[in-house]
Amino acid sequence: LEAKEEFSHKTRAMDVMRPRKSDPPLTVITQDTMTVEDVETIVTSTTYSGYPVVVSRVSQRLVGFVLRRDLIISIENARKKQDGIVSTSVICFTDYCPLLPPSSPSVLKLRSILDLSPFTVTDETPMEIVVDIFRKLGLRQCLVTHNGKLLGIITKKDVLKHIAQMANQDPDSILFN
Ligand code: ADP
């Protein structure tokens, strides 16, 4: 029993989250500096269900989470129906949009599709607790932070894979049943 207890506390959010050390960095969207074209490139070159939105790549301060399908639909609609929205239009997820030179194309405001309080845990959080939170809150994904900076993401599928791995290593464990 003791061994099991120790085992259950050993795995932390940082061990399950993506990206892994050898992976390319997390794909994020910045809150008010990317263009329509930049974001279109992201959604066509990756297949993730969603993207964390950050203040800036350098700060990695989390602003919210945006779903891939909402981005695709909103950009498509804006390009069709909204005057002045072009590839070089800046996308803005903030309340106050950046002041751009008068010659710049219209800004595309997408605050309405941003989830402003995505669930987050710190990288030290034991996976046992993360699993519990996923179950109880019915989460699809959870973001991982360290000292307030965005570090990674754990999806429901990542959690399920982790549970399967745990069961393999320790078939008698009742922790994740
Ligand atoms: P699922 O886990 O259901 O396949 P996704 O397609 O969103 O969902 O994610 C696939 C994998 O990529 C998961 O392991 C997840 O942790 C990781 N991932 C999800 N979103 C991002 C992102 N924005 N940047 C980098 N990796 C991500």
# chains A, B, ... in the order shown; residues from 1 in each chain; ligands from 1
>>> select_by_dssp(residues="segment 99-166 of chain A", states="strand (DSSP E or B)", output="ChimeraX atom specification")
/A:108-109,114-115,120-122,126,141-146,149-155
>>> write_last_selection(atoms="N, CA and C atoms", output="PDB file, in the first residue's frame")
ATOM      1  N   LEU A 108      -9.534  42.819 -36.519  1.00  0.00           N
ATOM      2  CA  LEU A 108     -10.566  41.796 -36.299  1.00  0.00           C
ATOM      3  C   LEU A 108     -10.637  41.491 -34.803  1.00  0.00           C
ATOM      4  N   LYS A 109     -11.771  41.871 -34.198  1.00  0.00           N
ATOM      5  CA  LYS A 109     -11.930  41.666 -32.753  1.00  0.00           C
ATOM      6  C   LYS A 109     -12.535  40.291 -32.488  1.00  0.00           C
ATOM      7  N   LEU A 114     -13.103  34.028 -26.984  1.00  0.00           N
ATOM      8  CA  LEU A 114     -12.027  33.654 -26.065  1.00  0.00           C
ATOM      9  C   LEU A 114     -12.587  33.172 -24.732  1.00  0.00           C
ATOM     10  N   ASP A 115     -12.165  32.009 -24.288  1.00  0.00           N
ATOM     11  CA  ASP A 115     -12.493  31.541 -22.944  1.00  0.00           C
ATOM     12  C   ASP A 115     -11.496  32.230 -22.008  1.00  0.00           C
ATOM     13  N   THR A 120      -6.531  25.865 -15.120  1.00  0.00           N
ATOM     14  CA  THR A 120      -5.076  25.696 -15.086  1.00  0.00           C
ATOM     15  C   THR A 120      -4.655  24.992 -13.803  1.00  0.00           C
ATOM     16  N   VAL A 121      -3.551  24.269 -13.886  1.00  0.00           N
ATOM     17  CA  VAL A 121      -2.905  23.703 -12.694  1.00  0.00           C
ATOM     18  C   VAL A 121      -1.429  24.067 -12.784  1.00  0.00           C
ATOM     19  N   THR A 122      -0.725  23.975 -11.654  1.00  0.00           N
ATOM     20  CA  THR A 122       0.716  24.225 -11.739  1.00  0.00           C
ATOM     21  C   THR A 122       1.401  22.910 -12.128  1.00  0.00           C
ATOM     22  N   PRO A 126       0.042  16.924  -8.452  1.00  0.00           N
ATOM     23  CA  PRO A 126       0.046  15.469  -8.662  1.00  0.00           C
ATOM     24  C   PRO A 126      -1.022  15.072  -9.683  1.00  0.00           C
ATOM     25  N   GLN A 141      -9.601  20.012 -21.678  1.00  0.00           N
ATOM     26  CA  GLN A 141      -8.168  20.270 -21.575  1.00  0.00           C
ATOM     27  C   GLN A 141      -7.903  21.148 -20.363  1.00  0.00           C
ATOM     28  N   CYS A 142      -6.654  21.161 -19.976  1.00  0.00           N
ATOM     29  CA  CYS A 142      -6.250  21.940 -18.811  1.00  0.00           C
ATOM     30  C   CYS A 142      -4.862  22.499 -19.130  1.00  0.00           C
ATOM     31  N   LEU A 143      -4.640  23.757 -18.767  1.00  0.00           N
ATOM     32  CA  LEU A 143      -3.336  24.355 -19.052  1.00  0.00           C
ATOM     33  C   LEU A 143      -2.435  24.221 -17.838  1.00  0.00           C
ATOM     34  N   VAL A 144      -1.145  24.160 -18.092  1.00  0.00           N
ATOM     35  CA  VAL A 144      -0.175  23.976 -17.004  1.00  0.00           C
ATOM     36  C   VAL A 144       0.710  25.215 -16.928  1.00  0.00           C
ATOM     37  N   THR A 145       0.851  25.745 -15.708  1.00  0.00           N
ATOM     38  CA  THR A 145       1.657  26.959 -15.532  1.00  0.00           C
ATOM     39  C   THR A 145       2.750  26.733 -14.494  1.00  0.00           C
ATOM     40  N   HIS A 146       3.743  27.603 -14.527  1.00  0.00           N
ATOM     41  CA  HIS A 146       4.783  27.631 -13.505  1.00  0.00           C
ATOM     42  C   HIS A 146       5.079  29.096 -13.222  1.00  0.00           C
ATOM     43  N   LYS A 149       3.529  31.537 -15.485  1.00  0.00           N
ATOM     44  CA  LYS A 149       3.832  31.476 -16.920  1.00  0.00           C
ATOM     45  C   LYS A 149       3.297  30.178 -17.511  1.00  0.00           C
ATOM     46  N   LEU A 150       2.768  30.287 -18.711  1.00  0.00           N
ATOM     47  CA  LEU A 150       2.226  29.121 -19.393  1.00  0.00           C
ATOM     48  C   LEU A 150       3.358  28.167 -19.782  1.00  0.00           C
ATOM     49  N   LEU A 151       3.144  26.892 -19.459  1.00  0.00           N
ATOM     50  CA  LEU A 151       4.186  25.901 -19.710  1.00  0.00           C
ATOM     51  C   LEU A 151       3.719  24.815 -20.679  1.00  0.00           C
ATOM     52  N   GLY A 152       2.458  24.394 -20.529  1.00  0.00           N
ATOM     53  CA  GLY A 152       1.991  23.294 -21.363  1.00  0.00           C
ATOM     54  C   GLY A 152       0.503  23.075 -21.275  1.00  0.00           C
ATOM     55  N   ILE A 153       0.087  21.958 -21.868  1.00  0.00           N
ATOM     56  CA  ILE A 153      -1.337  21.622 -21.930  1.00  0.00           C
ATOM     57  C   ILE A 153      -1.513  20.123 -21.703  1.00  0.00           C
ATOM     58  N   ILE A 154      -2.599  19.769 -21.054  1.00  0.00           N
ATOM     59  CA  ILE A 154      -2.968  18.357 -20.890  1.00  0.00           C
ATOM     60  C   ILE A 154      -4.392  18.222 -21.432  1.00  0.00           C
ATOM     61  N   THR A 155      -4.589  17.341 -22.406  1.00  0.00           N
ATOM     62  CA  THR A 155      -5.944  17.127 -22.924  1.00  0.00           C
ATOM     63  C   THR A 155      -6.550  15.898 -22.253  1.00  0.00           C
TER      64      THR A 155
END
>>> residues_around(residues="Val53 of chain A", least_positions_apart="5", cutoff="10 Å", atoms="only C-alpha atoms", output="PDB file with N, CA and C atoms, in the first residue's frame")
ATOM      1  N   THR A  27       2.027  25.609 -29.214  1.00  0.00           N
ATOM      2  CA  THR A  27       1.546  26.546 -30.225  1.00  0.00           C
ATOM      3  C   THR A  27       0.575  27.519 -29.564  1.00  0.00           C
ATOM      4  N   VAL A  28       0.965  28.776 -29.511  1.00  0.00           N
ATOM      5  CA  VAL A  28       0.131  29.785 -28.848  1.00  0.00           C
ATOM      6  C   VAL A  28      -0.235  30.899 -29.820  1.00  0.00           C
ATOM      7  N   ILE A  29      -1.243  31.669 -29.439  1.00  0.00           N
ATOM      8  CA  ILE A  29      -1.643  32.841 -30.219  1.00  0.00           C
ATOM      9  C   ILE A  29      -1.453  34.044 -29.307  1.00  0.00           C
ATOM     10  N   THR A  30      -0.933  35.128 -29.853  1.00  0.00           N
ATOM     11  CA  THR A  30      -0.733  36.321 -29.005  1.00  0.00           C
ATOM     12  C   THR A  30      -2.006  37.174 -29.025  1.00  0.00           C
ATOM     13  N   GLN A  31      -2.202  37.948 -27.942  1.00  0.00           N
ATOM     14  CA  GLN A  31      -3.499  38.611 -27.755  1.00  0.00           C
ATOM     15  C   GLN A  31      -3.793  39.742 -28.736  1.00  0.00           C
ATOM     16  N   ASP A  32      -2.756  40.417 -29.249  1.00  0.00           N
ATOM     17  CA  ASP A  32      -3.064  41.555 -30.134  1.00  0.00           C
ATOM     18  C   ASP A  32      -1.956  41.888 -31.133  1.00  0.00           C
ATOM     19  N   GLN A  60       4.763  34.838 -22.035  1.00  0.00           N
ATOM     20  CA  GLN A  60       4.013  33.589 -21.820  1.00  0.00           C
ATOM     21  C   GLN A  60       2.957  33.736 -20.731  1.00  0.00           C
ATOM     22  N   ARG A  61       2.441  34.963 -20.561  1.00  0.00           N
ATOM     23  CA  ARG A  61       1.342  35.174 -19.606  1.00  0.00           C
ATOM     24  C   ARG A  61       0.043  34.754 -20.279  1.00  0.00           C
ATOM     25  N   LEU A  62      -0.690  33.904 -19.575  1.00  0.00           N
ATOM     26  CA  LEU A  62      -1.913  33.362 -20.147  1.00  0.00           C
ATOM     27  C   LEU A  62      -3.060  34.377 -20.115  1.00  0.00           C
ATOM     28  N   VAL A  63      -3.733  34.532 -21.242  1.00  0.00           N
ATOM     29  CA  VAL A  63      -4.885  35.423 -21.330  1.00  0.00           C
ATOM     30  C   VAL A  63      -6.179  34.615 -21.435  1.00  0.00           C
ATOM     31  N   GLY A  64      -6.117  33.493 -22.127  1.00  0.00           N
ATOM     32  CA  GLY A  64      -7.306  32.670 -22.302  1.00  0.00           C
ATOM     33  C   GLY A  64      -7.027  31.501 -23.230  1.00  0.00           C
ATOM     34  N   PHE A  65      -8.117  30.881 -23.676  1.00  0.00           N
ATOM     35  CA  PHE A  65      -7.984  29.713 -24.553  1.00  0.00           C
ATOM     36  C   PHE A  65      -9.017  29.846 -25.656  1.00  0.00           C
ATOM     37  N   VAL A  66      -8.598  29.554 -26.877  1.00  0.00           N
ATOM     38  CA  VAL A  66      -9.522  29.679 -28.006  1.00  0.00           C
ATOM     39  C   VAL A  66      -9.588  28.355 -28.768  1.00  0.00           C
ATOM     40  N   PHE A  93      -7.693  40.028 -29.194  1.00  0.00           N
ATOM     41  CA  PHE A  93      -8.522  39.316 -28.222  1.00  0.00           C
ATOM     42  C   PHE A  93      -8.756  40.157 -26.969  1.00  0.00           C
ATOM     43  N   LEU A 114     -13.103  34.028 -26.984  1.00  0.00           N
ATOM     44  CA  LEU A 114     -12.027  33.654 -26.065  1.00  0.00           C
ATOM     45  C   LEU A 114     -12.587  33.172 -24.732  1.00  0.00           C
ATOM     46  N   ASP A 115     -12.165  32.009 -24.288  1.00  0.00           N
ATOM     47  CA  ASP A 115     -12.493  31.541 -22.944  1.00  0.00           C
ATOM     48  C   ASP A 115     -11.496  32.230 -22.008  1.00  0.00           C
ATOM     49  N   LEU A 116     -12.015  33.149 -21.196  1.00  0.00           N
ATOM     50  CA  LEU A 116     -11.126  33.984 -20.377  1.00  0.00           C
ATOM     51  C   LEU A 116     -10.633  33.291 -19.113  1.00  0.00           C
ATOM     52  N   LEU A 150       2.768  30.287 -18.711  1.00  0.00           N
ATOM     53  CA  LEU A 150       2.226  29.121 -19.393  1.00  0.00           C
ATOM     54  C   LEU A 150       3.358  28.167 -19.782  1.00  0.00           C
TER      55      LEU A 150
END
>>> residues_around(residues="Thr88 of chain A", least_positions_apart="2", cutoff="7 Å", atoms="only C-alpha atoms", output="PyMOL selection string")
chain A and resi 35-37+86+90+105
>>> residues_near_ligand(ligand="ligand 1", cutoff="9 Å", atoms="only C-alpha atoms and all ligand atoms", output="list in words")
Val16, Met17, Arg18, Pro19, Asp23, Pro24, Pro25, Leu26, Thr27, Val28, Ile29, Thr46, Thr47, Tyr48, Ser49, Gly50, Tyr51, Pro52, Arg68, Arg140, Gln141, Gly152, Ile153, Ile154, Thr155, Lys156, Lys157, Asp158 and Val159 of chain A
>>> write_last_selection(atoms="C-alpha atoms", output="CSV table (one decimal), in the first residue's frame")
chain,number,residue,atom,x,y,z
A,16,VAL,CA,2.1,14.3,-18.6
A,17,MET,CA,1.7,17.7,-20.2
A,18,ARG,CA,2.8,18.6,-23.7
A,19,PRO,CA,5.1,19.7,-25.2
A,23,ASP,CA,9.0,18.6,-28.7
A,24,PRO,CA,8.7,22.0,-30.4
A,25,PRO,CA,7.2,24.7,-28.1
A,26,LEU,CA,3.5,25.0,-27.4
A,27,THR,CA,1.5,26.5,-30.2
A,28,VAL,CA,0.1,29.8,-28.8
A,29,ILE,CA,-1.6,32.8,-30.2
A,46,THR,CA,-1.6,22.2,-36.8
A,47,THR,CA,-4.6,20.1,-35.9
A,48,TYR,CA,-4.9,21.0,-32.2
A,49,SER,CA,-8.4,21.5,-30.8
A,50,GLY,CA,-7.4,24.8,-29.3
A,51,TYR,CA,-4.7,27.3,-28.6
A,52,PRO,CA,-3.7,29.2,-25.5
A,68,ARG,CA,-9.7,25.9,-33.3
A,140,ARG,CA,-11.6,18.7,-22.3
A,141,GLN,CA,-8.2,20.3,-21.6
A,152,GLY,CA,2.0,23.3,-21.4
A,153,ILE,CA,-1.3,21.6,-21.9
A,154,ILE,CA,-3.0,18.4,-20.9
A,155,THR,CA,-5.9,17.1,-22.9
A,156,LYS,CA,-8.6,14.6,-21.9
A,157,LYS,CA,-6.9,12.1,-24.2
A,158,ASP,CA,-3.5,12.7,-22.6
A,159,VAL,CA,-5.2,11.9,-19.2
>>> select_by_dssp(residues="segment 78-160 of chain A", states="alpha helix (DSSP H)", output="list of chain:residue names")
A:Ala78, A:Arg79, A:Lys80, A:Lys81, A:Met127, A:Glu128, A:Ile129, A:Val130, A:Val131, A:Asp132, A:Ile133, A:Phe134, A:Arg135, A:Lys136, A:Leu137, A:Lys156, A:Lys157, A:Asp158, A:Val159, A:Leu160
>>> decode(residues="segment 64-110 of chain A", atoms="C-alpha atoms", output="PDB file, in the first residue's frame")
ATOM      1  CA  GLY A  64      -7.306  32.670 -22.302  1.00  0.00           C
ATOM      2  CA  PHE A  65      -7.984  29.713 -24.553  1.00  0.00           C
ATOM      3  CA  VAL A  66      -9.522  29.679 -28.006  1.00  0.00           C
ATOM      4  CA  LEU A  67     -11.002  26.706 -29.817  1.00  0.00           C
ATOM      5  CA  ARG A  68      -9.735  25.898 -33.285  1.00  0.00           C
ATOM      6  CA  ARG A  69     -13.239  25.559 -34.741  1.00  0.00           C
ATOM      7  CA  ASP A  70     -14.318  28.953 -33.349  1.00  0.00           C
ATOM      8  CA  LEU A  71     -11.241  30.588 -34.875  1.00  0.00           C
ATOM      9  CA  ILE A  72     -11.855  29.018 -38.276  1.00  0.00           C
ATOM     10  CA  ILE A  73     -15.534  29.989 -38.347  1.00  0.00           C
ATOM     11  CA  SER A  74     -14.959  33.536 -37.085  1.00  0.00           C
ATOM     12  CA  ILE A  75     -12.167  34.293 -39.533  1.00  0.00           C
ATOM     13  CA  GLU A  76     -14.113  32.814 -42.432  1.00  0.00           C
ATOM     14  CA  ASN A  77     -17.187  34.876 -41.543  1.00  0.00           C
ATOM     15  CA  ALA A  78     -15.203  38.055 -41.042  1.00  0.00           C
ATOM     16  CA  ARG A  79     -13.446  37.678 -44.383  1.00  0.00           C
ATOM     17  CA  LYS A  80     -16.807  37.240 -46.117  1.00  0.00           C
ATOM     18  CA  LYS A  81     -18.999  39.691 -44.258  1.00  0.00           C
ATOM     19  CA  GLN A  82     -16.877  42.249 -42.444  1.00  0.00           C
ATOM     20  CA  ASP A  83     -15.627  45.270 -44.351  1.00  0.00           C
ATOM     21  CA  GLY A  84     -11.881  45.790 -44.377  1.00  0.00           C
ATOM     22  CA  ILE A  85     -10.852  42.419 -42.971  1.00  0.00           C
ATOM     23  CA  VAL A  86      -7.897  41.161 -44.997  1.00  0.00           C
ATOM     24  CA  SER A  87      -4.876  38.883 -44.494  1.00  0.00           C
ATOM     25  CA  THR A  88      -2.892  41.687 -42.894  1.00  0.00           C
ATOM     26  CA  SER A  89      -5.653  42.663 -40.432  1.00  0.00           C
ATOM     27  CA  VAL A  90      -4.464  42.339 -36.847  1.00  0.00           C
ATOM     28  CA  ILE A  91      -6.501  39.977 -34.651  1.00  0.00           C
ATOM     29  CA  CYS A  92      -7.262  41.311 -31.210  1.00  0.00           C
ATOM     30  CA  PHE A  93      -8.522  39.316 -28.222  1.00  0.00           C
ATOM     31  CA  THR A  94      -8.325  42.219 -25.763  1.00  0.00           C
ATOM     32  CA  ASP A  95     -10.926  44.804 -24.684  1.00  0.00           C
ATOM     33  CA  TYR A  96      -8.905  47.666 -26.035  1.00  0.00           C
ATOM     34  CA  CYS A  97      -7.353  47.040 -29.363  1.00  0.00           C
ATOM     35  CA  PRO A  98      -3.885  48.331 -30.179  1.00  0.00           C
ATOM     36  CA  LEU A  99      -3.544  51.727 -31.789  1.00  0.00           C
ATOM     37  CA  LEU A 100      -2.260  51.092 -35.267  1.00  0.00           C
ATOM     38  CA  PRO A 101      -1.163  53.550 -37.965  1.00  0.00           C
ATOM     39  CA  PRO A 102      -4.178  55.050 -39.814  1.00  0.00           C
ATOM     40  CA  SER A 103      -3.199  53.252 -42.996  1.00  0.00           C
ATOM     41  CA  SER A 104      -3.553  49.816 -41.356  1.00  0.00           C
ATOM     42  CA  PRO A 105      -6.453  47.552 -42.325  1.00  0.00           C
ATOM     43  CA  SER A 106      -9.386  47.054 -39.924  1.00  0.00           C
ATOM     44  CA  VAL A 107      -8.721  45.111 -36.746  1.00  0.00           C
ATOM     45  CA  LEU A 108     -10.566  41.796 -36.299  1.00  0.00           C
ATOM     46  CA  LYS A 109     -11.930  41.666 -32.753  1.00  0.00           C
ATOM     47  CA  LEU A 110     -12.299  38.121 -31.484  1.00  0.00           C
TER      48      LEU A 110
END
